[in-house]
$ cat protein_6.txt   # compact mmCIF, C-alpha atoms
# COMPACT_ATOMS: atom_id res chain seq x y z
CA ASP A 1 10.39 6.18 -13.96
CA ALA A 2 8.35 3.24 -12.73
CA LYS A 3 4.64 4.03 -12.52
CA THR A 4 1.14 2.63 -12.82
CA THR A 5 -1.79 4.29 -14.57
CA GLN A 6 -5.44 3.67 -13.73
CA PRO A 7 -8.70 5.47 -14.51
CA ASN A 8 -9.73 7.80 -11.71
CA SER A 9 -13.20 6.33 -11.31
CA MET A 10 -15.58 3.69 -12.61
CA GLU A 11 -19.18 2.75 -11.99
CA SER A 12 -20.91 -0.60 -12.06
CA ASN A 13 -24.35 -1.90 -11.37
CA GLU A 14 -24.74 -4.37 -8.54
CA GLU A 15 -24.50 -8.03 -9.56
CA GLU A 16 -22.72 -7.16 -12.82
CA PRO A 17 -19.06 -7.87 -13.69
CA VAL A 18 -16.47 -5.10 -13.35
CA HIS A 19 -13.20 -4.85 -15.23
CA LEU A 20 -10.65 -2.52 -13.66
CA PRO A 21 -7.66 -1.80 -15.94
CA CYS A 22 -4.11 -0.88 -15.02
CA ASN A 23 -1.21 0.11 -17.22
CA HIS A 24 2.27 -0.76 -15.93
CA SER A 25 4.37 -0.44 -19.04
CA THR A 26 7.62 -0.04 -17.07
CA ILE A 27 7.33 -3.43 -15.36
CA SER A 28 10.16 -5.93 -15.79
CA GLY A 29 9.85 -9.63 -16.49
CA THR A 30 10.15 -10.80 -12.89
CA ASP A 31 7.98 -8.26 -11.06
CA TYR A 32 4.71 -9.54 -9.66
CA ILE A 33 1.61 -7.40 -10.15
CA HIS A 34 -0.41 -6.85 -7.00
CA TRP A 35 -3.88 -5.45 -6.52
CA TYR A 36 -5.20 -3.93 -3.31
CA ARG A 37 -8.40 -2.17 -2.37
CA GLN A 38 -8.94 0.47 0.27
CA LEU A 39 -12.07 1.46 2.15
CA PRO A 40 -12.33 4.85 3.90
CA SER A 41 -10.29 5.08 7.10
CA GLN A 42 -8.76 1.64 6.52
CA GLY A 43 -5.46 0.42 5.17
CA PRO A 44 -5.21 -1.23 1.76
CA GLU A 45 -6.44 -4.83 1.69
CA TYR A 46 -4.74 -7.43 -0.50
CA VAL A 47 -6.93 -8.69 -3.35
CA ILE A 48 -4.81 -10.76 -5.74
CA HIS A 49 -1.40 -10.96 -7.39
CA GLY A 50 0.19 -12.66 -10.38
CA LEU A 51 3.22 -12.82 -12.66
CA THR A 52 2.31 -14.01 -16.14
CA SER A 53 -0.71 -16.23 -16.35
CA ASN A 54 -4.21 -15.36 -15.28
CA VAL A 55 -5.03 -15.88 -11.61
CA ASN A 56 -8.23 -16.57 -9.72
CA ASN A 57 -9.11 -16.48 -6.05
CA ARG A 58 -12.28 -16.18 -4.01
CA MET A 59 -12.28 -12.39 -4.31
CA ALA A 60 -11.44 -11.75 -7.93
CA SER A 61 -9.63 -12.74 -11.11
CA LEU A 62 -6.54 -11.14 -12.58
CA ALA A 63 -5.96 -11.09 -16.31
CA ILE A 64 -2.41 -10.18 -17.33
CA ALA A 65 -1.60 -9.10 -20.87
CA GLU A 66 0.83 -11.25 -22.79
CA ASP A 67 3.42 -8.43 -22.89
CA ARG A 68 2.76 -7.80 -19.14
CA LYS A 69 2.44 -4.06 -19.71
CA SER A 70 -1.14 -4.06 -18.49
CA SER A 71 -3.50 -6.07 -16.36
CA THR A 72 -7.20 -6.15 -15.51
CA LEU A 73 -8.80 -6.93 -12.19
CA ILE A 74 -12.14 -8.66 -12.68
CA LEU A 75 -14.87 -8.69 -10.07
CA HIS A 76 -17.34 -11.23 -11.38
CA ARG A 77 -20.43 -9.92 -9.60
CA ALA A 78 -20.06 -6.53 -7.99
CA THR A 79 -21.70 -6.00 -4.62
CA LEU A 80 -22.16 -2.82 -2.62
CA ARG A 81 -19.33 -4.00 -0.37
CA ASP A 82 -16.95 -3.87 -3.36
CA ALA A 83 -17.18 -0.09 -3.49
CA ALA A 84 -13.63 1.04 -2.71
CA VAL A 85 -10.47 2.52 -4.23
CA TYR A 86 -8.55 -0.17 -6.14
CA TYR A 87 -4.79 0.07 -6.58
CA CYS A 88 -2.51 -1.93 -8.81
CA SER A 89 1.07 -2.08 -7.60
CA TYR A 90 4.45 -3.64 -8.23
CA ASP A 91 8.00 -3.59 -6.91
CA PRO A 92 10.45 -2.44 -9.60
CA GLY A 93 13.18 -4.47 -7.94
CA THR A 94 14.07 -1.83 -5.35
CA TYR A 95 11.56 -2.60 -2.54
CA LYS A 96 9.86 0.68 -3.44
CA TYR A 97 6.45 -0.61 -4.34
CA ILE A 98 4.70 1.67 -6.80
CA PHE A 99 1.08 2.60 -6.17
CA GLY A 100 -0.77 4.91 -8.53
CA THR A 101 -3.70 7.12 -7.62
CA GLY A 102 -6.09 4.19 -7.90
CA THR A 103 -9.57 3.74 -9.32
CA ARG A 104 -12.57 4.66 -7.19
CA LEU A 105 -15.25 2.06 -7.89
CA LYS A 106 -18.84 3.06 -7.32
CA VAL A 107 -21.42 0.26 -7.23
CA LEU A 108 -25.00 1.23 -7.99
CA ALA A 109 -27.84 -0.66 -6.30
CA GLY B 110 -4.86 -14.32 13.32
CA ALA B 111 -3.72 -10.87 14.34
CA GLY B 112 -3.01 -8.48 11.54
CA VAL B 113 -0.76 -5.44 11.41
CA SER B 114 -1.50 -3.06 14.24
CA GLN B 115 -0.69 0.65 14.25
CA SER B 116 -0.95 3.13 17.08
CA PRO B 117 -2.16 5.69 17.68
CA ARG B 118 -4.93 5.74 15.06
CA TYR B 119 -5.09 9.51 15.25
CA LYS B 120 -2.46 11.99 16.35
CA VAL B 121 -2.77 15.75 16.56
CA ALA B 122 0.37 17.74 17.23
CA LYS B 123 1.41 21.35 17.14
CA ARG B 124 3.96 22.44 14.59
CA GLY B 125 7.43 21.90 15.96
CA GLN B 126 6.56 18.98 18.21
CA ASP B 127 8.08 15.53 17.84
CA VAL B 128 5.83 12.52 17.21
CA ALA B 129 6.35 8.75 17.27
CA LEU B 130 4.19 6.29 15.36
CA ARG B 131 4.22 2.59 16.19
CA CYS B 132 3.76 -0.47 14.01
CA ASP B 133 3.30 -4.06 15.20
CA PRO B 134 3.71 -6.31 12.15
CA ILE B 135 2.42 -9.83 11.75
CA SER B 136 4.58 -12.17 13.81
CA GLY B 137 7.32 -13.79 11.76
CA HIS B 138 7.15 -11.34 8.90
CA VAL B 139 10.62 -10.42 7.74
CA SER B 140 9.78 -7.38 5.62
CA LEU B 141 8.31 -4.14 6.95
CA PHE B 142 7.41 -1.05 4.96
CA TRP B 143 6.32 2.46 5.88
CA TYR B 144 4.23 4.54 3.48
CA GLN B 145 2.84 8.05 3.50
CA GLN B 146 -0.60 8.61 2.00
CA ALA B 147 -1.87 12.08 1.21
CA LEU B 148 -5.59 12.70 0.77
CA GLY B 149 -6.81 11.29 -2.54
CA GLN B 150 -3.45 9.74 -3.39
CA GLY B 151 -2.02 6.25 -3.29
CA PRO B 152 0.53 5.17 -0.71
CA GLU B 153 4.05 6.50 -1.27
CA PHE B 154 7.06 4.51 -0.13
CA LEU B 155 9.05 5.90 2.78
CA THR B 156 11.35 3.14 4.01
CA TYR B 157 11.90 -0.63 4.08
CA PHE B 158 13.24 -3.00 6.74
CA GLN B 159 14.37 -6.57 6.34
CA ASN B 160 14.38 -7.88 9.90
CA GLU B 161 16.20 -5.16 11.87
CA ALA B 162 18.16 -3.83 8.90
CA GLN B 163 16.89 -0.68 7.22
CA LEU B 164 17.73 -1.46 3.62
CA ASP B 165 16.18 1.57 1.99
CA LYS B 166 15.24 4.93 3.44
CA SER B 167 15.31 6.90 0.24
CA GLY B 168 11.61 7.80 0.46
CA LEU B 169 11.91 9.66 3.75
CA PRO B 170 11.08 13.30 2.90
CA SER B 171 13.74 14.91 5.10
CA ASP B 172 16.22 14.23 7.87
CA ARG B 173 13.45 15.02 10.34
CA PHE B 174 12.05 11.56 9.59
CA PHE B 175 13.64 8.58 11.29
CA ALA B 176 12.55 4.93 11.47
CA GLU B 177 13.81 1.98 13.44
CA ARG B 178 13.08 -1.68 14.02
CA PRO B 179 15.66 -2.64 16.64
CA GLU B 180 14.63 -6.25 17.29
CA GLY B 181 13.23 -7.08 13.90
CA SER B 182 9.61 -6.90 14.97
CA VAL B 183 7.99 -3.66 16.20
CA SER B 184 8.90 -0.55 14.25
CA THR B 185 8.66 3.13 15.11
CA LEU B 186 8.52 6.06 12.71
CA LYS B 187 9.61 9.28 14.36
CA ILE B 188 9.12 12.76 12.98
CA GLN B 189 11.01 15.58 14.62
CA ARG B 190 10.04 19.27 14.55
CA THR B 191 6.82 18.50 12.69
CA GLN B 192 5.64 20.78 9.88
CA GLN B 193 2.16 21.20 8.43
CA GLU B 194 3.17 19.38 5.27
CA ASP B 195 3.76 16.27 7.40
CA SER B 196 -0.02 15.93 7.83
CA ALA B 197 -0.99 12.66 6.18
CA VAL B 198 -1.90 9.05 6.91
CA TYR B 199 1.12 6.91 7.70
CA LEU B 200 0.70 3.27 6.77
CA CYS B 201 2.76 0.31 7.86
CA ALA B 202 2.80 -2.99 5.96
CA SER B 203 4.54 -6.30 6.52
CA SER B 204 5.16 -9.31 4.33
CA LEU B 205 6.51 -12.78 4.91
CA ASN B 206 9.77 -12.24 3.07
CA ARG B 207 11.51 -9.90 0.65
CA TYR B 208 10.30 -11.51 -2.54
CA SER B 209 7.71 -9.73 -4.64
CA ASN B 210 5.54 -12.82 -4.87
CA GLN B 211 4.44 -12.16 -1.29
CA PRO B 212 1.53 -9.78 -0.66
CA GLN B 213 1.81 -6.96 1.80
CA HIS B 214 -0.48 -6.79 4.82
CA PHE B 215 -1.35 -3.26 5.82
CA GLY B 216 -2.37 -1.73 9.10
CA ASP B 217 -5.15 0.85 9.22
CA GLY B 218 -2.67 3.67 9.53
CA THR B 219 -2.08 6.65 11.77
CA ARG B 220 -3.74 9.87 10.68
CA LEU B 221 -1.37 12.68 11.64
CA SER B 222 -2.62 16.25 11.76
CA ILE B 223 -0.18 19.08 12.38
CA LEU B 224 -1.74 22.34 13.58

$ encode --input "protein_6.txt" --output "structure tokens"
Amino acid sequence: DAKTTQPNSMESNEEEPVHLPCNHSTISGTDYIHWYRQLPSQGPEYVIHGLTSNVNNRMASLAIAEDRKSSTLILHRATLRDAAVYYCSYDPGTYKYIFGTGTRLKVLA
Amino acid sequence: GAGVSQSPRYKVAKRGQDVALRCDPISGHVSLFWYQQALGQGPEFLTYFQNEAQLDKSGLPSDRFFAERPEGSVSTLKIQRTQQEDSAVYLCASSLNRYSNQPQHFGDGTRLSIL
């Protein structure tokens, strides 16, 4: 079955980089990897997505393993506002996007 | 611009009542998804629309759940004869087209509580 696996929680100090891993070993060669983050009482917010090569935007960077079975979301300098639950996700070709249980990121001041 | 809007934000109903949850997607977005999110869990797929066509409803938990998008824009998720296990946050998301290179844009959800 298609699934993603992420650590339940991580901590980071403010102003330091954070690397959030995701395992998606069941992904196929044409499925994009998406990352979202969710604050309490809000819907998930899009962060970044990619297919094969590493991607950067104003929010984060996405490093995708060469075999595409895992990826890492990189926040270059964590701020208190980055504290959220982070989900990696992909569509296994059936419209049924897979979301795992996510990683709760705690940022320490 | 306007994002995805869901209403109501909160809904409390007694067991056995029918409820209707509304989603206004981003204008021009072809794809629309409904998800159910239990406390502490990630979103779980319920159903998918491409314009007005419901292409996949395999995630709907039972035949008490029904979704429609008659004109290819606004969508309604209806739950008949609600049960306590239906209590959850229901999220709606839209994307520009059906291809997986397009991100989904989520509303803030409807928190449904069944007493």

$ interface_residues --input "protein_6.txt" --of "chain B" --to "chain A" --cutoff "7 Å" --atoms "all atoms listed in the file" --output "PyMOL selection string"
chain B and resi 150-154+157+200+209-210+212-218

$ atom_distance --input "protein_6.txt" --atom1 "atom CA of B:Ser116" --atom2 "atom CA of A:Arg81"
26.3 Å

$ closest_residue --input "protein_6.txt" --among "B:Asn160, B:Thr185, B:Thr191, B:Gln115" --to "B:Arg207" --atoms "all atoms listed in the file"
B:Asn160

$ closest_residue --input "protein_6.txt" --among "B:Leu141, B:Asp133, B:Ser171, B:Leu224" --to "B:Ser196" --atoms "all atoms listed in the file"
B:Leu224

$ atom_distance --input "protein_6.txt" --atom1 "atom CA of A:Pro21" --atom2 "atom CA of A:Ser71"
6.0 Å

$ closest_residue --input "protein_6.txt" --among "B:Gln189, B:Ser140, B:Thr156, B:Asn206" --to "B:Asp172" --atoms "only C-alpha atoms"
B:Gln189

$ build_atoms --input "protein_6.txt" --residues "stretch 148-179 of chain B" --atoms "N, CA and C atoms" --output "PDB file, keeping the file's coordinate frame"
ATOM      1  N   LEU B 148      -4.158  12.812   1.089  1.00  0.00           N
ATOM      2  CA  LEU B 148      -5.590  12.700   0.770  1.00  0.00           C
ATOM      3  C   LEU B 148      -5.789  12.545  -0.741  1.00  0.00           C
ATOM      4  N   GLY B 149      -6.507  11.502  -1.131  1.00  0.00           N
ATOM      5  CA  GLY B 149      -6.810  11.290  -2.540  1.00  0.00           C
ATOM      6  C   GLY B 149      -5.684  10.692  -3.356  1.00  0.00           C
ATOM      7  N   GLN B 150      -4.602  10.310  -2.686  1.00  0.00           N
ATOM      8  CA  GLN B 150      -3.450   9.740  -3.390  1.00  0.00           C
ATOM      9  C   GLN B 150      -3.205   8.300  -2.934  1.00  0.00           C
ATOM     10  N   GLY B 151      -2.419   7.584  -3.698  1.00  0.00           N
ATOM     11  CA  GLY B 151      -2.020   6.250  -3.290  1.00  0.00           C
ATOM     12  C   GLY B 151      -0.875   6.312  -2.296  1.00  0.00           C
ATOM     13  N   PRO B 152      -0.595   5.196  -1.644  1.00  0.00           N
ATOM     14  CA  PRO B 152       0.530   5.170  -0.710  1.00  0.00           C
ATOM     15  C   PRO B 152       1.849   5.463  -1.420  1.00  0.00           C
ATOM     16  N   GLU B 153       2.719   6.218  -0.742  1.00  0.00           N
ATOM     17  CA  GLU B 153       4.050   6.500  -1.270  1.00  0.00           C
ATOM     18  C   GLU B 153       5.102   5.926  -0.322  1.00  0.00           C
ATOM     19  N   PHE B 154       6.020   5.200  -0.899  1.00  0.00           N
ATOM     20  CA  PHE B 154       7.060   4.510  -0.130  1.00  0.00           C
ATOM     21  C   PHE B 154       7.897   5.488   0.677  1.00  0.00           C
ATOM     22  N   LEU B 155       8.138   5.126   1.946  1.00  0.00           N
ATOM     23  CA  LEU B 155       9.050   5.900   2.780  1.00  0.00           C
ATOM     24  C   LEU B 155      10.334   5.124   3.055  1.00  0.00           C
ATOM     25  N   THR B 156      10.178   3.903   3.604  1.00  0.00           N
ATOM     26  CA  THR B 156      11.350   3.140   4.010  1.00  0.00           C
ATOM     27  C   THR B 156      11.011   1.665   4.116  1.00  0.00           C
ATOM     28  N   TYR B 157      12.069   0.830   4.063  1.00  0.00           N
ATOM     29  CA  TYR B 157      11.900  -0.630   4.080  1.00  0.00           C
ATOM     30  C   TYR B 157      12.904  -1.260   5.040  1.00  0.00           C
ATOM     31  N   PHE B 158      12.403  -2.215   5.831  1.00  0.00           N
ATOM     32  CA  PHE B 158      13.240  -3.000   6.740  1.00  0.00           C
ATOM     33  C   PHE B 158      13.174  -4.477   6.353  1.00  0.00           C
ATOM     34  N   GLN B 159      14.314  -5.117   6.414  1.00  0.00           N
ATOM     35  CA  GLN B 159      14.370  -6.570   6.340  1.00  0.00           C
ATOM     36  C   GLN B 159      14.918  -7.029   7.682  1.00  0.00           C
ATOM     37  N   ASN B 160      14.070  -7.645   8.490  1.00  0.00           N
ATOM     38  CA  ASN B 160      14.380  -7.880   9.900  1.00  0.00           C
ATOM     39  C   ASN B 160      14.724  -6.533  10.550  1.00  0.00           C
ATOM     40  N   GLU B 161      15.874  -6.427  11.190  1.00  0.00           N
ATOM     41  CA  GLU B 161      16.200  -5.160  11.870  1.00  0.00           C
ATOM     42  C   GLU B 161      16.973  -4.198  10.969  1.00  0.00           C
ATOM     43  N   ALA B 162      17.339  -4.654   9.792  1.00  0.00           N
ATOM     44  CA  ALA B 162      18.160  -3.830   8.900  1.00  0.00           C
ATOM     45  C   ALA B 162      17.281  -2.917   8.030  1.00  0.00           C
ATOM     46  N   GLN B 163      17.590  -1.639   8.068  1.00  0.00           N
ATOM     47  CA  GLN B 163      16.890  -0.680   7.220  1.00  0.00           C
ATOM     48  C   GLN B 163      17.605  -0.641   5.882  1.00  0.00           C
ATOM     49  N   LEU B 164      17.046  -1.305   4.892  1.00  0.00           N
ATOM     50  CA  LEU B 164      17.730  -1.460   3.620  1.00  0.00           C
ATOM     51  C   LEU B 164      17.508  -0.304   2.666  1.00  0.00           C
ATOM     52  N   ASP B 165      16.456   0.451   2.883  1.00  0.00           N
ATOM     53  CA  ASP B 165      16.180   1.570   1.990  1.00  0.00           C
ATOM     54  C   ASP B 165      15.413   2.626   2.765  1.00  0.00           C
ATOM     55  N   LYS B 166      15.940   3.812   2.792  1.00  0.00           N
ATOM     56  CA  LYS B 166      15.240   4.930   3.440  1.00  0.00           C
ATOM     57  C   LYS B 166      15.146   6.115   2.493  1.00  0.00           C
ATOM     58  N   SER B 167      15.255   5.834   1.223  1.00  0.00           N
ATOM     59  CA  SER B 167      15.310   6.900   0.240  1.00  0.00           C
ATOM     60  C   SER B 167      14.009   7.670   0.092  1.00  0.00           C
ATOM     61  N   GLY B 168      12.890   7.108   0.560  1.00  0.00           N
ATOM     62  CA  GLY B 168      11.610   7.800   0.460  1.00  0.00           C
ATOM     63  C   GLY B 168      11.322   8.745   1.609  1.00  0.00           C
ATOM     64  N   LEU B 169      12.136   8.743   2.628  1.00  0.00           N
ATOM     65  CA  LEU B 169      11.910   9.660   3.750  1.00  0.00           C
ATOM     66  C   LEU B 169      12.066  11.091   3.258  1.00  0.00           C
ATOM     67  N   PRO B 170      11.090  11.968   3.515  1.00  0.00           N
ATOM     68  CA  PRO B 170      11.080  13.300   2.900  1.00  0.00           C
ATOM     69  C   PRO B 170      12.219  14.218   3.360  1.00  0.00           C
ATOM     70  N   SER B 171      12.669  14.041   4.597  1.00  0.00           N
ATOM     71  CA  SER B 171      13.740  14.910   5.100  1.00  0.00           C
ATOM     72  C   SER B 171      14.430  14.211   6.249  1.00  0.00           C
ATOM     73  N   ASP B 172      15.491  14.829   6.738  1.00  0.00           N
ATOM     74  CA  ASP B 172      16.220  14.230   7.870  1.00  0.00           C
ATOM     75  C   ASP B 172      15.453  14.392   9.177  1.00  0.00           C
ATOM     76  N   ARG B 173      14.289  14.987   9.129  1.00  0.00           N
ATOM     77  CA  ARG B 173      13.450  15.020  10.340  1.00  0.00           C
ATOM     78  C   ARG B 173      12.732  13.687  10.551  1.00  0.00           C
ATOM     79  N   PHE B 174      12.711  12.861   9.524  1.00  0.00           N
ATOM     80  CA  PHE B 174      12.050  11.560   9.590  1.00  0.00           C
ATOM     81  C   PHE B 174      13.082  10.482   9.903  1.00  0.00           C
ATOM     82  N   PHE B 175      12.726   9.627  10.859  1.00  0.00           N
ATOM     83  CA  PHE B 175      13.640   8.580  11.290  1.00  0.00           C
ATOM     84  C   PHE B 175      12.814   7.341  11.619  1.00  0.00           C
ATOM     85  N   ALA B 176      13.265   6.168  11.176  1.00  0.00           N
ATOM     86  CA  ALA B 176      12.550   4.930  11.470  1.00  0.00           C
ATOM     87  C   ALA B 176      13.511   3.902  12.025  1.00  0.00           C
ATOM     88  N   GLU B 177      12.992   3.042  12.873  1.00  0.00           N
ATOM     89  CA  GLU B 177      13.810   1.980  13.440  1.00  0.00           C
ATOM     90  C   GLU B 177      12.985   0.737  13.676  1.00  0.00           C
ATOM     91  N   ARG B 178      13.698  -0.388  13.738  1.00  0.00           N
ATOM     92  CA  ARG B 178      13.080  -1.680  14.020  1.00  0.00           C
ATOM     93  C   ARG B 178      14.140  -2.519  14.748  1.00  0.00           C
ATOM     94  N   PRO B 179      14.462  -2.145  15.958  1.00  0.00           N
ATOM     95  CA  PRO B 179      15.660  -2.640  16.640  1.00  0.00           C
ATOM     96  C   PRO B 179      15.733  -4.152  16.855  1.00  0.00           C
TER      97      PRO B 179
END
